[in-house]
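Peer 1: See entry-v9.cif below, with mmCIF, N, CA and C atoms.
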data_final
#
loop_
_atom_site.label_atom_id
_atom_site.label_comp_id
_atom_site.auth_asym_id
_atom_site.auth_seq_id
_atom_site.Cartn_x
_atom_site.Cartn_y
_atom_site.Cartn_z
N MET B 1 109.01 7.93 40.82
CA MET B 1 109.00 7.28 39.53
C MET B 1 110.40 6.76 39.16
N LEU B 2 111.42 7.62 39.32
CA LEU B 2 112.77 7.18 38.96
C LEU B 2 113.24 6.02 39.83
N GLY B 3 112.83 6.03 41.10
CA GLY B 3 113.20 4.93 41.98
C GLY B 3 112.64 3.61 41.48
N GLY B 4 111.39 3.64 41.00
CA GLY B 4 110.77 2.43 40.45
C GLY B 4 111.48 1.95 39.20
N ILE B 5 111.85 2.88 38.34
CA ILE B 5 112.58 2.52 37.12
C ILE B 5 113.94 1.93 37.49
N ALA B 6 114.60 2.55 38.47
CA ALA B 6 115.91 2.06 38.89
C ALA B 6 115.81 0.64 39.43
N ARG B 7 114.75 0.35 40.21
CA ARG B 7 114.59 -1.00 40.74
C ARG B 7 114.25 -1.99 39.63
N GLN B 8 113.39 -1.56 38.71
CA GLN B 8 112.95 -2.44 37.64
C GLN B 8 114.12 -2.83 36.73
N TYR B 9 114.95 -1.89 36.38
CA TYR B 9 116.05 -2.17 35.45
C TYR B 9 117.38 -2.38 36.15
N GLY B 10 117.38 -2.41 37.47
CA GLY B 10 118.60 -2.72 38.20
C GLY B 10 119.69 -1.67 38.07
N PHE B 11 119.36 -0.38 38.31
CA PHE B 11 120.36 0.68 38.21
C PHE B 11 121.55 0.36 39.10
N SER B 12 122.71 0.60 38.60
CA SER B 12 123.94 0.30 39.31
C SER B 12 124.95 1.42 39.03
N ARG B 13 125.52 1.95 40.08
CA ARG B 13 126.55 2.98 39.89
C ARG B 13 127.79 2.42 39.20
N ARG B 14 128.12 1.17 39.51
CA ARG B 14 129.27 0.55 38.86
C ARG B 14 129.03 0.40 37.36
N ARG B 15 127.83 -0.02 36.99
CA ARG B 15 127.51 -0.15 35.57
C ARG B 15 127.42 1.21 34.91
N ALA B 16 126.89 2.20 35.62
CA ALA B 16 126.83 3.56 35.06
C ALA B 16 128.24 4.09 34.81
N PHE B 17 129.18 3.76 35.69
CA PHE B 17 130.58 4.14 35.51
C PHE B 17 131.13 3.49 34.24
N LEU B 18 130.87 2.20 34.07
CA LEU B 18 131.34 1.51 32.86
C LEU B 18 130.79 2.16 31.59
N ILE B 19 129.50 2.47 31.61
CA ILE B 19 128.87 3.04 30.43
C ILE B 19 129.42 4.43 30.13
N SER B 20 129.45 5.29 31.14
CA SER B 20 129.87 6.68 30.89
C SER B 20 131.35 6.79 30.54
N VAL B 21 132.20 6.10 31.25
CA VAL B 21 133.63 6.16 30.95
C VAL B 21 133.92 5.41 29.65
N GLY B 22 133.21 4.31 29.41
CA GLY B 22 133.39 3.59 28.15
C GLY B 22 133.07 4.46 26.95
N ILE B 23 131.97 5.20 27.02
CA ILE B 23 131.63 6.11 25.93
C ILE B 23 132.71 7.19 25.80
N GLY B 24 133.18 7.69 26.93
CA GLY B 24 134.27 8.68 26.90
C GLY B 24 135.53 8.14 26.27
N TRP B 25 135.86 6.89 26.59
CA TRP B 25 137.05 6.26 26.00
C TRP B 25 136.90 6.15 24.48
N ALA B 26 135.73 5.70 24.04
CA ALA B 26 135.51 5.54 22.60
C ALA B 26 135.62 6.89 21.89
N LEU B 27 135.06 7.92 22.49
CA LEU B 27 135.14 9.26 21.88
C LEU B 27 136.57 9.80 21.92
N TYR B 28 137.28 9.56 23.02
CA TYR B 28 138.68 10.00 23.11
C TYR B 28 139.52 9.33 22.02
N GLY B 29 139.33 8.04 21.84
CA GLY B 29 140.09 7.32 20.82
C GLY B 29 139.75 7.77 19.42
N GLY B 30 138.45 7.92 19.15
CA GLY B 30 138.03 8.28 17.81
C GLY B 30 138.27 9.73 17.45
N LEU B 31 137.92 10.62 18.37
CA LEU B 31 138.03 12.05 18.09
C LEU B 31 139.37 12.65 18.52
N GLY B 32 139.93 12.15 19.61
CA GLY B 32 141.13 12.75 20.17
C GLY B 32 142.44 12.13 19.73
N ILE B 33 142.38 10.90 19.23
CA ILE B 33 143.63 10.26 18.80
C ILE B 33 143.61 10.00 17.30
N VAL B 34 142.61 9.26 16.84
CA VAL B 34 142.54 8.97 15.40
C VAL B 34 142.24 10.25 14.62
N GLY B 35 141.29 11.04 15.10
CA GLY B 35 140.84 12.21 14.36
C GLY B 35 141.67 13.47 14.55
N ASN B 36 142.39 13.58 15.67
CA ASN B 36 143.08 14.84 15.96
C ASN B 36 144.19 14.60 16.98
N THR B 37 145.28 14.02 16.53
CA THR B 37 146.38 13.72 17.44
C THR B 37 147.09 15.00 17.86
N ARG B 38 147.28 15.16 19.16
CA ARG B 38 147.99 16.33 19.68
C ARG B 38 149.49 16.04 19.77
N TYR B 39 150.27 17.10 19.68
CA TYR B 39 151.73 16.97 19.70
C TYR B 39 152.22 16.27 20.97
N GLY B 40 151.73 16.69 22.12
CA GLY B 40 152.19 16.12 23.39
C GLY B 40 151.87 14.63 23.49
N THR B 41 150.71 14.24 22.98
CA THR B 41 150.35 12.83 23.00
C THR B 41 151.29 12.04 22.10
N ALA B 42 151.49 12.52 20.90
CA ALA B 42 152.37 11.82 19.96
C ALA B 42 153.80 11.74 20.51
N ARG B 43 154.28 12.82 21.08
CA ARG B 43 155.65 12.82 21.60
C ARG B 43 155.78 11.94 22.84
N GLY B 44 154.81 12.01 23.73
CA GLY B 44 154.86 11.20 24.95
C GLY B 44 154.74 9.71 24.68
N LEU B 45 154.13 9.35 23.57
CA LEU B 45 153.94 7.94 23.24
C LEU B 45 154.94 7.42 22.21
N SER B 46 155.98 8.19 21.94
CA SER B 46 156.92 7.79 20.89
C SER B 46 157.58 6.44 21.19
N GLY B 47 157.73 6.09 22.45
CA GLY B 47 158.30 4.79 22.79
C GLY B 47 157.40 3.63 22.38
N VAL B 48 156.10 3.87 22.35
CA VAL B 48 155.14 2.84 21.95
C VAL B 48 154.90 2.90 20.44
N THR B 49 154.81 4.13 19.91
CA THR B 49 154.46 4.27 18.49
C THR B 49 155.57 3.83 17.54
N GLN B 50 156.75 3.57 18.05
CA GLN B 50 157.77 3.00 17.17
C GLN B 50 157.45 1.54 16.85
N TYR B 51 156.55 0.93 17.65
CA TYR B 51 156.13 -0.45 17.41
C TYR B 51 154.68 -0.56 16.92
N VAL B 52 153.83 0.36 17.40
CA VAL B 52 152.40 0.32 17.06
C VAL B 52 151.99 1.72 16.60
N PRO B 53 151.41 1.85 15.42
CA PRO B 53 150.99 3.18 14.94
C PRO B 53 149.95 3.81 15.87
N LEU B 54 149.99 5.12 15.94
CA LEU B 54 149.08 5.84 16.82
C LEU B 54 147.61 5.63 16.42
N THR B 55 147.34 5.46 15.16
CA THR B 55 145.94 5.20 14.76
C THR B 55 145.46 3.87 15.31
N VAL B 56 146.32 2.87 15.36
CA VAL B 56 145.95 1.58 15.94
C VAL B 56 145.67 1.75 17.43
N LEU B 57 146.49 2.54 18.10
CA LEU B 57 146.25 2.81 19.52
C LEU B 57 144.93 3.55 19.73
N GLY B 58 144.63 4.47 18.84
CA GLY B 58 143.36 5.18 18.93
C GLY B 58 142.18 4.23 18.78
N TRP B 59 142.28 3.31 17.84
CA TRP B 59 141.20 2.33 17.66
C TRP B 59 141.13 1.38 18.86
N MET B 60 142.27 1.15 19.53
CA MET B 60 142.24 0.35 20.75
C MET B 60 141.35 1.04 21.79
N TRP B 61 141.48 2.36 21.93
CA TRP B 61 140.63 3.11 22.86
C TRP B 61 139.16 2.95 22.48
N VAL B 62 138.87 3.04 21.20
CA VAL B 62 137.48 2.92 20.74
C VAL B 62 136.93 1.55 21.10
N VAL B 63 137.67 0.50 20.77
CA VAL B 63 137.20 -0.87 21.04
C VAL B 63 137.06 -1.10 22.54
N CYS B 64 138.05 -0.67 23.32
CA CYS B 64 137.97 -0.85 24.78
C CYS B 64 136.80 -0.06 25.36
N GLY B 65 136.57 1.12 24.86
CA GLY B 65 135.45 1.93 25.34
C GLY B 65 134.11 1.30 25.03
N ILE B 66 133.95 0.82 23.81
CA ILE B 66 132.69 0.16 23.44
C ILE B 66 132.50 -1.12 24.25
N THR B 67 133.57 -1.86 24.46
CA THR B 67 133.51 -3.08 25.28
C THR B 67 133.03 -2.75 26.69
N ALA B 68 133.60 -1.71 27.28
CA ALA B 68 133.20 -1.33 28.64
C ALA B 68 131.75 -0.87 28.68
N ALA B 69 131.34 -0.05 27.73
CA ALA B 69 129.96 0.44 27.71
C ALA B 69 128.97 -0.71 27.54
N LEU B 70 129.27 -1.64 26.66
CA LEU B 70 128.38 -2.79 26.48
C LEU B 70 128.34 -3.66 27.73
N ALA B 71 129.48 -3.82 28.39
CA ALA B 71 129.51 -4.60 29.64
C ALA B 71 128.65 -3.92 30.71
N GLY B 72 128.63 -2.60 30.71
CA GLY B 72 127.81 -1.88 31.67
C GLY B 72 126.32 -2.01 31.42
N LEU B 73 125.96 -2.30 30.20
CA LEU B 73 124.54 -2.46 29.87
C LEU B 73 123.97 -3.80 30.31
N LEU B 74 124.84 -4.76 30.60
CA LEU B 74 124.37 -6.10 30.98
C LEU B 74 124.10 -6.14 32.49
N VAL B 75 122.89 -6.50 32.83
CA VAL B 75 122.47 -6.59 34.23
C VAL B 75 122.77 -8.01 34.73
N GLY B 76 123.39 -8.09 35.89
CA GLY B 76 123.61 -9.40 36.51
C GLY B 76 124.69 -10.24 35.85
N CYS B 77 125.67 -9.62 35.24
CA CYS B 77 126.78 -10.35 34.59
C CYS B 77 128.11 -9.85 35.14
N PRO B 78 128.46 -10.23 36.37
CA PRO B 78 129.68 -9.68 36.97
C PRO B 78 130.96 -10.04 36.21
N ARG B 79 131.01 -11.19 35.56
CA ARG B 79 132.21 -11.56 34.81
C ARG B 79 132.38 -10.67 33.58
N ILE B 80 131.28 -10.36 32.93
CA ILE B 80 131.35 -9.47 31.77
C ILE B 80 131.70 -8.06 32.24
N GLN B 81 131.17 -7.65 33.39
CA GLN B 81 131.50 -6.34 33.93
C GLN B 81 132.98 -6.27 34.28
N ALA B 82 133.55 -7.36 34.79
CA ALA B 82 134.98 -7.40 35.07
C ALA B 82 135.79 -7.20 33.79
N LEU B 83 135.33 -7.80 32.70
CA LEU B 83 135.97 -7.58 31.40
C LEU B 83 135.88 -6.11 31.01
N GLY B 84 134.74 -5.48 31.29
CA GLY B 84 134.58 -4.05 31.01
C GLY B 84 135.57 -3.20 31.79
N TYR B 85 135.76 -3.53 33.06
CA TYR B 85 136.74 -2.78 33.86
C TYR B 85 138.16 -3.01 33.37
N ALA B 86 138.47 -4.22 32.93
CA ALA B 86 139.80 -4.47 32.35
C ALA B 86 139.97 -3.66 31.07
N ALA B 87 138.88 -3.53 30.30
CA ALA B 87 138.94 -2.74 29.07
C ALA B 87 139.16 -1.27 29.37
N LEU B 88 138.65 -0.78 30.50
CA LEU B 88 138.90 0.62 30.89
C LEU B 88 140.33 0.81 31.37
N ALA B 89 140.83 -0.14 32.14
CA ALA B 89 142.15 0.01 32.75
C ALA B 89 143.29 -0.18 31.75
N THR B 90 143.10 -1.00 30.75
CA THR B 90 144.20 -1.33 29.83
C THR B 90 144.76 -0.13 29.09
N PRO B 91 143.96 0.64 28.34
CA PRO B 91 144.57 1.77 27.63
C PRO B 91 145.08 2.85 28.57
N ALA B 92 144.37 3.09 29.67
CA ALA B 92 144.84 4.11 30.62
C ALA B 92 146.17 3.69 31.25
N GLY B 93 146.30 2.41 31.57
CA GLY B 93 147.56 1.91 32.13
C GLY B 93 148.70 1.97 31.13
N LEU B 94 148.39 1.66 29.86
CA LEU B 94 149.40 1.78 28.80
C LEU B 94 149.86 3.22 28.66
N TRP B 95 148.90 4.15 28.66
CA TRP B 95 149.25 5.57 28.56
C TRP B 95 150.10 5.98 29.77
N ALA B 96 149.72 5.55 30.97
CA ALA B 96 150.48 5.90 32.17
C ALA B 96 151.92 5.42 32.07
N GLY B 97 152.10 4.17 31.67
CA GLY B 97 153.45 3.62 31.54
C GLY B 97 154.27 4.32 30.47
N ALA B 98 153.65 4.55 29.31
CA ALA B 98 154.37 5.20 28.21
C ALA B 98 154.77 6.63 28.58
N PHE B 99 153.85 7.37 29.19
CA PHE B 99 154.18 8.74 29.59
C PHE B 99 155.21 8.77 30.71
N ALA B 100 155.18 7.78 31.61
CA ALA B 100 156.18 7.73 32.69
C ALA B 100 157.57 7.48 32.12
N VAL B 101 157.67 6.56 31.16
CA VAL B 101 158.97 6.31 30.52
C VAL B 101 159.44 7.55 29.78
N ALA B 102 158.54 8.20 29.05
CA ALA B 102 158.91 9.41 28.31
C ALA B 102 159.35 10.51 29.27
N ALA B 103 158.65 10.65 30.40
CA ALA B 103 159.01 11.68 31.38
C ALA B 103 160.38 11.42 31.99
N ALA B 104 160.71 10.16 32.18
CA ALA B 104 162.00 9.80 32.78
C ALA B 104 163.14 9.84 31.79
N THR B 105 162.82 9.88 30.50
CA THR B 105 163.90 9.82 29.50
C THR B 105 163.93 11.07 28.61
N THR B 106 163.10 11.10 27.59
CA THR B 106 163.24 12.11 26.54
C THR B 106 162.27 13.28 26.59
N PHE B 107 161.19 13.19 27.37
CA PHE B 107 160.15 14.21 27.34
C PHE B 107 159.65 14.49 28.77
N PRO B 108 160.43 15.27 29.55
CA PRO B 108 160.07 15.52 30.96
C PRO B 108 158.67 16.12 31.15
N ALA B 109 158.16 16.82 30.15
CA ALA B 109 156.84 17.43 30.27
C ALA B 109 155.72 16.39 30.36
N ALA B 110 156.01 15.14 30.08
CA ALA B 110 155.01 14.07 30.13
C ALA B 110 154.69 13.63 31.55
N VAL B 111 155.38 14.17 32.54
CA VAL B 111 155.17 13.72 33.92
C VAL B 111 153.74 13.96 34.40
N GLY B 112 153.14 15.06 34.00
CA GLY B 112 151.75 15.33 34.41
C GLY B 112 150.79 14.31 33.84
N SER B 113 150.96 13.97 32.58
CA SER B 113 150.11 12.95 31.96
C SER B 113 150.33 11.59 32.60
N ALA B 114 151.58 11.28 32.92
CA ALA B 114 151.87 10.00 33.58
C ALA B 114 151.14 9.90 34.92
N CYS B 115 151.18 10.98 35.69
CA CYS B 115 150.50 10.98 37.00
C CYS B 115 148.98 10.88 36.83
N GLY B 116 148.43 11.65 35.92
CA GLY B 116 146.99 11.64 35.71
C GLY B 116 146.47 10.30 35.23
N TRP B 117 147.12 9.73 34.22
CA TRP B 117 146.67 8.43 33.70
C TRP B 117 146.92 7.32 34.72
N GLY B 118 148.01 7.42 35.47
CA GLY B 118 148.27 6.41 36.51
C GLY B 118 147.21 6.46 37.60
N ALA B 119 146.87 7.67 38.05
CA ALA B 119 145.84 7.81 39.08
C ALA B 119 144.49 7.31 38.56
N PHE B 120 144.18 7.61 37.32
CA PHE B 120 142.91 7.15 36.78
C PHE B 120 142.87 5.63 36.69
N THR B 121 143.97 5.02 36.30
CA THR B 121 144.02 3.56 36.23
C THR B 121 143.79 2.95 37.61
N ILE B 122 144.41 3.51 38.61
CA ILE B 122 144.21 3.02 39.98
C ILE B 122 142.75 3.22 40.39
N GLY B 123 142.17 4.34 40.03
CA GLY B 123 140.76 4.59 40.32
C GLY B 123 139.85 3.56 39.69
N VAL B 124 140.10 3.20 38.44
CA VAL B 124 139.29 2.18 37.77
C VAL B 124 139.39 0.85 38.51
N VAL B 125 140.60 0.49 38.92
CA VAL B 125 140.79 -0.76 39.66
C VAL B 125 140.02 -0.71 40.98
N LEU B 126 140.06 0.41 41.67
CA LEU B 126 139.34 0.53 42.94
C LEU B 126 137.83 0.44 42.75
N VAL B 127 137.30 1.14 41.76
CA VAL B 127 135.86 1.10 41.50
C VAL B 127 135.42 -0.30 41.10
N SER B 128 136.26 -1.00 40.36
CA SER B 128 135.89 -2.35 39.92
C SER B 128 135.66 -3.29 41.10
N GLY B 129 136.29 -3.03 42.22
CA GLY B 129 136.14 -3.89 43.40
C GLY B 129 135.06 -3.45 44.36
N MET B 130 134.39 -2.35 44.08
CA MET B 130 133.35 -1.85 44.98
C MET B 130 132.01 -2.52 44.69
N ASP B 131 131.21 -2.61 45.72
CA ASP B 131 129.83 -3.08 45.57
C ASP B 131 128.92 -1.89 45.45
N ASP B 132 127.84 -2.05 44.72
CA ASP B 132 126.80 -1.03 44.71
C ASP B 132 126.13 -1.02 46.07
N PRO B 133 125.71 0.15 46.55
CA PRO B 133 124.98 0.16 47.81
C PRO B 133 123.64 -0.54 47.63
N PRO B 134 123.12 -1.17 48.68
CA PRO B 134 121.82 -1.82 48.55
C PRO B 134 120.73 -0.79 48.28
N LEU B 135 119.66 -1.24 47.66
CA LEU B 135 118.52 -0.37 47.41
C LEU B 135 117.98 0.14 48.74
N PRO B 136 117.38 1.34 48.76
CA PRO B 136 116.91 1.93 50.03
C PRO B 136 116.05 1.01 50.87
N HIS B 137 115.17 0.26 50.25
CA HIS B 137 114.29 -0.59 51.04
C HIS B 137 115.00 -1.81 51.62
N LEU B 138 116.24 -2.07 51.21
CA LEU B 138 117.01 -3.19 51.72
C LEU B 138 118.05 -2.76 52.76
N ARG B 139 118.21 -1.48 52.96
CA ARG B 139 119.21 -0.98 53.91
C ARG B 139 118.71 -1.14 55.34
N LYS B 140 119.66 -1.34 56.25
CA LYS B 140 119.31 -1.40 57.67
C LYS B 140 118.88 -0.04 58.15
N LYS B 141 117.87 -0.04 58.96
CA LYS B 141 117.41 1.22 59.57
C LYS B 141 118.20 1.44 60.85
N THR B 142 118.75 2.63 61.02
CA THR B 142 119.49 2.94 62.25
C THR B 142 118.53 3.54 63.26
N PRO B 143 118.67 3.14 64.52
CA PRO B 143 117.74 3.66 65.56
C PRO B 143 117.95 5.11 65.87
#
Just give me the structure as structure tokens.
Peer 2:
Amino acid sequence: MLGGIARQYGFSRRRAFLISVGIGWALYGGLGIVGNTRYGTARGLSGVTQYVPLTVLGWMWVVCGITAALAGLLVGCPRIQALGYAALATPAGLWAGAFAVAAATTFPAAVGSACGWGAFTIGVVLVSGMDDPPLPHLRKKTP
């Protein structure tokens, strides 16, 4: 039954990634930044927050997350999906850069966050370039 539903609605792991991570981004921005800013986040982002308030950055996560999730819901729209992947990579890349600068200058404890956000950004870029595997009935049979 699930296989039939997946074929009918065009299940895609790439789109599922956009939807699930997009929802996570929106929740992280809304609940983890706007609603409950942690000390390490605020301190690690001080180089950015002197120009842009942290609440604005939190709403950026929300908007980027919703954009990615909506892009994942569209079947057969690779350009919109590319926009969704850019929306996932942008805030994570900003966080990686800001934490890397903080780790190299005023807040050495930010190095772990810089590595984690940087690796995640690279992961998003890699997933964005992958193809979904063909449906089982379209795969080559090996002898």
Peer 1: At a cut-off of 12 Å, using only C-alpha atoms, what residues contact B:Val48? Leave out same-chain residues fewer than 6 positions from it and give the result as a list in words.
Peer 2: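 Returned residues: Thr41, Ala42, Leu54, Thr55, Val56, Leu57, Leu94, Trp95, Ala96, Gly97, Ala98, Phe99, Ala100, Val101 and Ala102 of chain B.
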Peer 1: So how far away is atom CA of B:Cys64 from atom CA of B:Ala104, in Å?
Peer 2: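 Going from atom CA of B:Ala104 over to atom CA of B:Cys64, I get 27.5 Å.
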Peer 1: As number ranges by chain, please: the residues near B:Gly24 (cut-off 8 Å, all atoms listed in the file, same-chain neighbours under 6 positions excluded).
Peer 2: B: 18, 30, 61-62, 65-66, 69
Peer 1: Rounded to one decimal in Å, what is the spacing between atom CA of B:Phe120 and atom CA of B:Leu88?
Peer 2: 9.7 Å
Peer 1: Take the point (154.6, 18.9, 27.1) in the file's coordinates, draw a sphere of radius 8 Å around it, and report as a list in words every protein, DNA or RNA residue with an atom inside or on it, counting all atoms listed in the file.
Peer 2: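 The distance filter leaves exactly Tyr39, Gly40, Thr41, Gly44, Phe107, Pro108, Ala109, Ala110 and Val111 of chain B.
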